[in-house]
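> Can you read through this structure? Questions will come right after.
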Amino acid sequence: MKIITGFIFSIVCIYAQAAKFIPAELRFIDGKSLKGVATFLDKPNDKTILFKSNEKSEPVSYSSESLKTLVYFFDDGTVEFERVMIYPSLLNGKKKAGPYWLEVVERGYTTLYFALREGSTVVRSGVSSTEGADKFWYCMRPNEEAAKVISWVVGRVNANETFRREAQKYFKDYPELSSKIKDKIYKYDQIVETVRDYNSWISEKK
């Protein structure tokens, strides 16, 4: 079964535009947590979150720097975001950036995250057009200082190229899985299954 991650993010964004405050739980770095309603994240680098203990209370602004996790509650499930350091460049894997708000897609020994960078409007030869959104998937293990890009998709152009190259390297400690990625048994739209396979392998080794 193929699972295309990130669709939750798009659906939630549409929902959030119609509802300024959404049922949510704020989890702070110091271990404290608050339940109420909060504004939905607009961008991965949002600096503040507005929170209300109930719909009638006055909003309070909390700095993203004080927060670790945001959980939004919807009728059909929850969406969780976490503040994570990342390696933003595929060429320079040692330079870190962030932390940024990333959507938690799959938790495990390695956690899979997703981020969406919306397309921008550009003008070429007097004609304006909207460039496609960039979709990023990151993985991070407990001993790693930042999350690494293992898939990057712009529309459907060369969608599997980055995944094959980067995921092979990231999962090289599991040679069988790395071979499945190389041989296109696992493709970019099966990234959740890939991570689950890896986490199951890790669990069996313990």
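Letters A, B, ... go to the chains of the structure tokens in the order shown; residues in each chain start at 1; ligands are counted from 1 in the same order.
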With only C-alpha atoms as the counted atoms, please give the residues lying no more than 10 Å from Thr39 of chain A, apart from itself and same-chain residues fewer than 3 positions off, as a PyMOL selection string.
chain A and resi 16-17+19-24+42+48-52+59+61+72
> How far is it from atom CA of Leu34 of chain A to atom CA of Leu67 of chain A, in Å with one decimal?
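Computing it gives 10.8 Å between the two atoms.
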> May I ask for the distance between atom CA of Val149 of chain A and atom CA of Arg165 of chain A, given in Å to one decimal place?
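Result for atom CA of Val149 of chain A versus atom CA of Arg165 of chain A: 10.6 Å, one decimal.
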> Report the distance between atom CA of Gly36 of chain A and atom CA of Glu106 of chain A in Å, rounded to one decimal place.
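Atom CA of Gly36 of chain A sits 24.7 Å away from atom CA of Glu106 of chain A.
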